[in-house]
Every structure is written in C-alpha cells, then in structure tokens.
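Text of input_24.cif (mmCIF, C-alpha atoms) as supplied:
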```cif
data_upload
loop_
_atom_site.group_PDB
_atom_site.id
_atom_site.type_symbol
_atom_site.label_atom_id
_atom_site.label_comp_id
_atom_site.auth_asym_id
_atom_site.auth_seq_id
_atom_site.Cartn_x
_atom_site.Cartn_y
_atom_site.Cartn_z
ATOM 1 C CA MET A 1 2.516 -40.896 46.179
ATOM 2 C CA LYS A 2 5.788 -41.919 44.589
ATOM 3 C CA LYS A 3 7.502 -38.530 44.206
ATOM 4 C CA SER A 4 6.507 -34.958 44.954
ATOM 5 C CA TYR A 5 6.821 -31.816 42.856
ATOM 6 C CA LYS A 6 4.129 -30.114 44.931
ATOM 7 C CA GLY A 7 4.062 -26.343 44.328
ATOM 8 C CA GLN A 8 7.231 -26.386 42.213
ATOM 9 C CA SER A 9 7.853 -24.313 39.093
ATOM 10 C CA LEU A 10 8.476 -26.788 36.268
ATOM 11 C CA LYS A 11 7.481 -24.554 33.364
ATOM 12 C CA GLY A 12 8.763 -25.856 30.027
ATOM 13 C CA GLN A 13 10.364 -28.993 31.510
ATOM 14 C CA ASP A 14 10.664 -32.191 29.458
ATOM 15 C CA PHE A 15 9.112 -35.214 31.180
ATOM 16 C CA SER A 16 8.321 -37.039 27.938
ATOM 17 C CA ASN A 17 8.088 -40.838 28.090
ATOM 18 C CA ARG A 18 8.980 -40.918 31.813
ATOM 19 C CA ASP A 19 7.228 -43.066 34.393
ATOM 20 C CA LEU A 20 5.841 -40.577 36.907
ATOM 21 C CA SER A 21 2.920 -42.683 38.085
ATOM 22 C CA PHE A 22 1.548 -41.719 41.508
ATOM 23 C CA THR A 23 3.537 -38.454 41.569
ATOM 24 C CA ASP A 24 2.229 -35.411 43.444
ATOM 25 C CA PHE A 25 2.133 -32.336 41.163
ATOM 26 C CA THR A 26 -0.416 -30.446 43.320
ATOM 27 C CA LYS A 27 -0.296 -26.688 42.591
ATOM 28 C CA ALA A 28 2.818 -27.094 40.414
ATOM 29 C CA ASP A 29 3.504 -24.908 37.383
ATOM 30 C CA LEU A 30 3.803 -27.204 34.364
ATOM 31 C CA ARG A 31 2.883 -24.627 31.729
ATOM 32 C CA GLU A 32 4.258 -25.506 28.282
ATOM 33 C CA SER A 33 5.870 -28.677 29.681
ATOM 34 C CA ASN A 34 6.353 -31.790 27.571
ATOM 35 C CA LEU A 35 4.698 -34.858 29.103
ATOM 36 C CA LYS A 36 4.170 -36.648 25.798
ATOM 37 C CA GLY A 37 3.875 -40.399 26.306
ATOM 38 C CA ALA A 38 4.516 -40.081 30.049
ATOM 39 C CA LYS A 39 3.075 -42.619 32.483
ATOM 40 C CA LEU A 40 1.139 -40.501 34.971
ATOM 41 C CA MET A 41 -1.313 -43.074 36.264
ATOM 42 C CA GLY A 42 -2.783 -42.078 39.642
ATOM 43 C CA SER A 43 -0.802 -38.832 39.787
ATOM 44 C CA ASN A 44 -2.224 -35.765 41.518
ATOM 45 C CA PHE A 45 -2.474 -32.617 39.384
ATOM 46 C CA SER A 46 -5.084 -30.816 41.498
ATOM 47 C CA ASP A 47 -4.980 -27.040 41.021
ATOM 48 C CA THR A 48 -1.962 -27.446 38.695
ATOM 49 C CA GLU A 49 -1.085 -25.102 35.806
ATOM 50 C CA LEU A 50 -0.876 -27.192 32.609
ATOM 51 C CA TRP A 51 -1.545 -24.402 30.097
ATOM 52 C CA LYS A 52 -0.277 -25.465 26.658
ATOM 53 C CA ALA A 53 1.273 -28.618 28.135
ATOM 54 C CA ASN A 54 1.859 -31.498 25.730
ATOM 55 C CA LEU A 55 0.220 -34.623 27.177
ATOM 56 C CA GLU A 56 -0.245 -36.411 23.852
ATOM 57 C CA GLY A 57 -0.525 -40.152 24.401
ATOM 58 C CA ALA A 58 0.052 -39.786 28.154
ATOM 59 C CA ASP A 59 -1.333 -42.429 30.522
ATOM 60 C CA LEU A 60 -3.456 -40.459 32.999
ATOM 61 C CA ARG A 61 -5.681 -43.304 34.159
ATOM 62 C CA TRP A 62 -7.185 -42.539 37.561
ATOM 63 C CA ALA A 63 -5.243 -39.256 37.754
ATOM 64 C CA PHE A 64 -6.607 -36.471 39.924
ATOM 65 C CA LEU A 65 -6.920 -33.238 37.885
ATOM 66 C CA LYS A 66 -9.499 -31.385 39.982
ATOM 67 C CA GLU A 67 -9.464 -27.653 39.141
ATOM 68 C CA ALA A 68 -6.387 -28.105 36.921
ATOM 69 C CA ASP A 69 -5.795 -25.473 34.224
ATOM 70 C CA LEU A 70 -5.463 -27.392 30.951
ATOM 71 C CA GLU A 71 -6.242 -24.493 28.614
ATOM 72 C CA LYS A 72 -4.874 -25.215 25.127
ATOM 73 C CA ALA A 73 -3.260 -28.433 26.415
ATOM 74 C CA ASN A 74 -2.647 -31.246 23.933
ATOM 75 C CA LEU A 75 -4.304 -34.408 25.275
ATOM 76 C CA LYS A 76 -4.629 -36.103 21.898
ATOM 77 C CA GLU A 77 -4.860 -39.888 22.346
ATOM 78 C CA ALA A 78 -4.283 -39.532 26.112
ATOM 79 C CA ASN A 79 -5.776 -42.198 28.367
ATOM 80 C CA LEU A 80 -7.880 -40.432 31.021
ATOM 81 C CA GLU A 81 -9.986 -43.441 31.943
ATOM 82 C CA GLY A 82 -11.446 -42.934 35.424
ATOM 83 C CA ALA A 83 -9.633 -39.613 35.868
ATOM 84 C CA ASN A 84 -11.132 -36.909 38.074
ATOM 85 C CA LEU A 85 -11.350 -33.687 36.041
ATOM 86 C CA GLU A 86 -13.963 -32.049 38.261
ATOM 87 C CA SER A 87 -14.057 -28.278 37.621
ATOM 88 C CA ALA A 88 -10.979 -28.551 35.356
ATOM 89 C CA TYR A 89 -10.398 -25.750 32.843
ATOM 90 C CA LEU A 90 -10.078 -27.344 29.399
ATOM 91 C CA VAL A 91 -10.888 -24.403 27.115
ATOM 92 C CA LYS A 92 -9.510 -25.037 23.611
ATOM 93 C CA ALA A 93 -7.824 -28.252 24.790
ATOM 94 C CA ASN A 94 -7.202 -30.956 22.185
ATOM 95 C CA LEU A 95 -8.797 -34.198 23.396
ATOM 96 C CA GLU A 96 -9.012 -35.801 19.961
ATOM 97 C CA SER A 97 -9.238 -39.598 20.275
ATOM 98 C CA ALA A 98 -8.649 -39.362 24.040
ATOM 99 C CA ASN A 99 -10.070 -42.082 26.286
ATOM 100 C CA LEU A 100 -12.291 -40.470 28.944
ATOM 101 C CA GLU A 101 -14.347 -43.548 29.790
ATOM 102 C CA GLY A 102 -15.725 -43.247 33.304
ATOM 103 C CA ALA A 103 -13.988 -39.902 33.850
ATOM 104 C CA ASN A 104 -15.509 -37.307 36.167
ATOM 105 C CA LEU A 105 -15.866 -34.038 34.249
ATOM 106 C CA GLU A 106 -18.501 -32.533 36.534
ATOM 107 C CA GLY A 107 -18.382 -28.759 36.224
ATOM 108 C CA ALA A 108 -15.443 -28.910 33.790
ATOM 109 C CA ASP A 109 -15.034 -26.069 31.293
ATOM 110 C CA LEU A 110 -14.684 -27.662 27.842
ATOM 111 C CA ARG A 111 -15.626 -24.648 25.723
ATOM 112 C CA LYS A 112 -14.207 -24.982 22.210
ATOM 113 C CA ALA A 113 -12.454 -28.226 23.186
ATOM 114 C CA LYS A 114 -11.680 -30.671 20.394
ATOM 115 C CA LEU A 115 -13.235 -33.983 21.442
ATOM 116 C CA GLU A 116 -13.412 -35.531 17.977
ATOM 117 C CA GLY A 117 -13.442 -39.317 18.307
ATOM 118 C CA ALA A 118 -13.070 -39.125 22.106
ATOM 119 C CA LYS A 119 -14.359 -42.018 24.212
ATOM 120 C CA LEU A 120 -16.621 -40.524 26.892
ATOM 121 C CA GLU A 121 -18.669 -43.629 27.617
ATOM 122 C CA GLY A 122 -20.109 -43.394 31.132
ATOM 123 C CA ALA A 123 -18.348 -40.070 31.811
ATOM 124 C CA ASN A 124 -19.904 -37.661 34.294
ATOM 125 C CA LEU A 125 -20.395 -34.370 32.426
ATOM 126 C CA GLU A 126 -22.947 -32.942 34.855
ATOM 127 C CA ARG A 127 -22.860 -29.125 34.692
ATOM 128 C CA ALA A 128 -19.898 -29.300 32.274
ATOM 129 C CA ASP A 129 -19.609 -26.459 29.775
ATOM 130 C CA LEU A 130 -19.385 -27.995 26.285
ATOM 131 C CA ARG A 131 -20.363 -24.881 24.339
ATOM 132 C CA TRP A 132 -18.732 -24.833 20.892
ATOM 133 C CA ALA A 133 -16.951 -28.145 21.598
ATOM 134 C CA ASP A 134 -16.384 -30.521 18.673
ATOM 135 C CA LEU A 135 -17.926 -33.894 19.555
ATOM 136 C CA SER A 136 -17.757 -35.294 16.012
ATOM 137 C CA GLY A 137 -17.445 -39.068 16.210
ATOM 138 C CA ALA A 138 -17.289 -39.012 20.024
ATOM 139 C CA ASP A 139 -18.786 -41.889 22.032
ATOM 140 C CA LEU A 140 -20.936 -40.488 24.854
ATOM 141 C CA LYS A 141 -22.931 -43.656 25.446
ATOM 142 C CA GLY A 142 -24.177 -43.639 29.036
ATOM 143 C CA ALA A 143 -22.574 -40.256 29.775
ATOM 144 C CA ASN A 144 -24.323 -37.981 32.266
ATOM 145 C CA LEU A 145 -25.199 -34.697 30.519
ATOM 146 C CA GLU A 146 -27.520 -33.448 33.272
ATOM 147 C CA LYS A 147 -27.444 -29.632 33.350
ATOM 148 C CA ALA A 148 -24.511 -29.629 30.872
ATOM 149 C CA PHE A 149 -24.217 -26.553 28.650
ATOM 150 C CA LEU A 150 -24.435 -27.834 25.078
ATOM 151 C CA ARG A 151 -25.181 -24.710 23.016
ATOM 152 C CA GLU A 152 -23.365 -24.834 19.667
ATOM 153 C CA ALA A 153 -21.631 -28.124 20.546
ATOM 154 C CA LYS A 154 -20.995 -29.885 17.236
ATOM 155 C CA TYR A 155 -21.896 -33.531 16.630
ATOM 156 C CA ASP A 156 -22.267 -35.688 13.514
ATOM 157 C CA ASP A 157 -23.682 -39.039 12.361
ATOM 158 C CA ARG A 158 -20.742 -40.875 13.979
ATOM 159 C CA THR A 159 -21.398 -39.329 17.414
ATOM 160 C CA THR A 160 -23.053 -41.637 19.948
ATOM 161 C CA LEU A 161 -25.195 -39.469 22.221
ATOM 162 C CA PRO A 162 -26.906 -40.517 25.481
ATOM 163 C CA ILE A 163 -29.875 -38.322 24.506
ATOM 164 C CA SER A 164 -32.112 -38.261 21.450
ATOM 165 C CA GLU A 165 -31.153 -36.144 18.466
ATOM 166 C CA GLY A 166 -34.282 -34.084 19.092
ATOM 167 C CA GLU A 167 -33.208 -33.334 22.656
ATOM 168 C CA ALA A 168 -29.674 -32.566 21.470
ATOM 169 C CA GLN A 169 -30.967 -29.954 19.056
ATOM 170 C CA GLN A 170 -33.434 -28.630 21.626
ATOM 171 C CA ARG A 171 -30.487 -28.085 23.972
ATOM 172 C CA GLY A 172 -28.650 -26.158 21.251
ATOM 173 C CA MET A 173 -26.346 -28.782 19.767
ATOM 174 C CA VAL A 174 -25.546 -28.413 16.078
ATOM 175 C CA LYS A 175 -25.244 -31.281 13.631
ATOM 176 C CA GLY A 176 -22.418 -30.735 11.217
#
```
Structure rendered as structure tokens:
Amino acid sequence: MKKSYKGQSLKGQDFSNRDLSFTDFTKADLRESNLKGAKLMGSNFSDTELWKANLEGADLRWAFLKEADLEKANLKEANLEGANLESAYLVKANLESANLEGANLEGADLRKAKLEGAKLEGANLERADLRWADLSGADLKGANLEKAFLREAKYDDRTTLPISEGEAQQRGMVKG
C-alpha cells in the first residue's frame, strides 16, 4: 500500500482528482467525502464507511471494497473493473454507466441501485440482492446470477441478460 488512512475519520474531505492508488482506507470514515475523478486503483476500502460519498468517474480498478458501506454513494461512470465488492452495501447507490466487468459482487446488497447502462460482463453476482434495481441497458453477459435475488429488478430491451427472458420473469424481474 502506498499510504494509509486506516481507521481515520475523513468525513466530508475533498480527495477529488487525486492519485490515491494503492492507499489503505480500511475501516475509515469517508461519509459524504468527495472522491470524484480520483485514482483509487488497488486501494483497500474494506469495511469502510462511504455513505453518500461522491465517486463519480473514479478509477477503482482492482480495489478491495469488501463489506464497504456505499449506501447512496455516487459511482456514476466509475471504473470498478475487477473490484472486490463482496458483501458490500450498495442500497440506492448510483452505478449508472459504471464499469463492473469482472467485479466480485457476491452477496452484495444492491437493492434499489441504479445500474442503468452499467457494464457487468462476467461479474459475480452470486447471492447478490438486486431487488428493485434498475438494470435498464445494463450488460450482464456472462454474469453469475446464481441464487441472486431479482424480484422487481427492472430491465428493458437494451439489457443483455445471461439468462433467458422467461427465466428472468420467472425469477421476478420486470420488463419496463
């Protein structure tokens, strides 16, 4: 790791457009912080509070976000390719047009998350909770949806699903 903010209170801090790649933020408090456009590649955010944090356009490739609290976080157009979001809390998070290719979202809570146009190709969504999530135009080609909760998850004609439309509706997804 490059730098460590482990366990520190950084609530409301402005880290926008900074290069913080490979930084240790484990168990830090980054609620309502501004990380817009920040380079956070390979950084560790495990068990970190990121409630309402602005991560729009941030580079989070290969970042470790296991059990991170990202409720209502703005991850619009963020690059989360290969990131580990296992058991992360992403309720009402904005992941519009985010790149989540190859990301691990096993057991993640994505209820009511906005995933419109998100790239989830090859993502592991096993046991993820996607109830009421907006998957309009999302690319889930090759994604693992085994045991994922899909009730009331919204999809449309632009959505690429790894399952048939019949199975999607059988599992409670809604075409809108």
Running the PyMOL selection byres ((chain A and resi 4) around 9) on this model by hand, what would come out? Give it as a list in words.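 Going through the file, the PyMOL selection byres ((chain A and resi 4) around 9) ends up selecting Met1, Lys2, Lys3, Tyr5, Lys6, Gly7, Thr23, Asp24, Phe25 and Thr26 of chain A.
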Nearby residues (only C-alpha atoms) at most 9 Å from segment 105-111 of chain A, same-chain spacing under 3 positions excluded, as a PyMOL selection string: chain A and resi 66-67+83-93+114+123-133+148+153
Between atom CA of Asp139 of chain A and atom CA of Thr48 of chain A - distance in Å to one decimal: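 Straight-line distance from atom CA of Thr48 of chain A to atom CA of Asp139 of chain A works out to 27.7 Å.
The nearest approach to Leu10 of chain A among the residues A:Phe22, A:Ala138, A:Met173, A:Asp29, with all atoms listed in the file taken into account, belongs to A:Asp29.
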Any chance you could work out the residue set of the PyMOL selection byres ((chain A and resi 58) around 10) here, as number ranges by chain? A: 16-18, 35-41, 54-57, 59-61, 74-80, 98
Atomic distance atom CA of Gly176 of chain A - atom CA of Ala113 of chain A, expressed in Å with one decimal: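 Computed distance, atom CA of Gly176 of chain A to atom CA of Ala113 of chain A, equals 15.8 Å.
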Surrounding residues of Arg171 of chain A excluding itself and chain neighbours under 4 positions, 7 Å, only C-alpha atoms, as a list in words: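 Close residues of Arg171 of chain A: Leu150, Arg151 and Glu167 of chain A.
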Could those selected residues go to a file with C-alpha atoms, as a compact mmCIF listing (two decimals), in the frame of the given file?
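Saved to part_14.txt:
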```txt
# COMPACT_ATOMS: atom_id res chain seq x y z
CA LEU A 150 -24.44 -27.83 25.08
CA ARG A 151 -25.18 -24.71 23.02
CA GLU A 167 -33.21 -33.33 22.66
```
Ser164 of chain A environment, 12 Å, only C-alpha atoms, sequence neighbours closer than 5 positions dropped, as a ChimeraX atom specification: /A:140-141,145,159,169-171,173
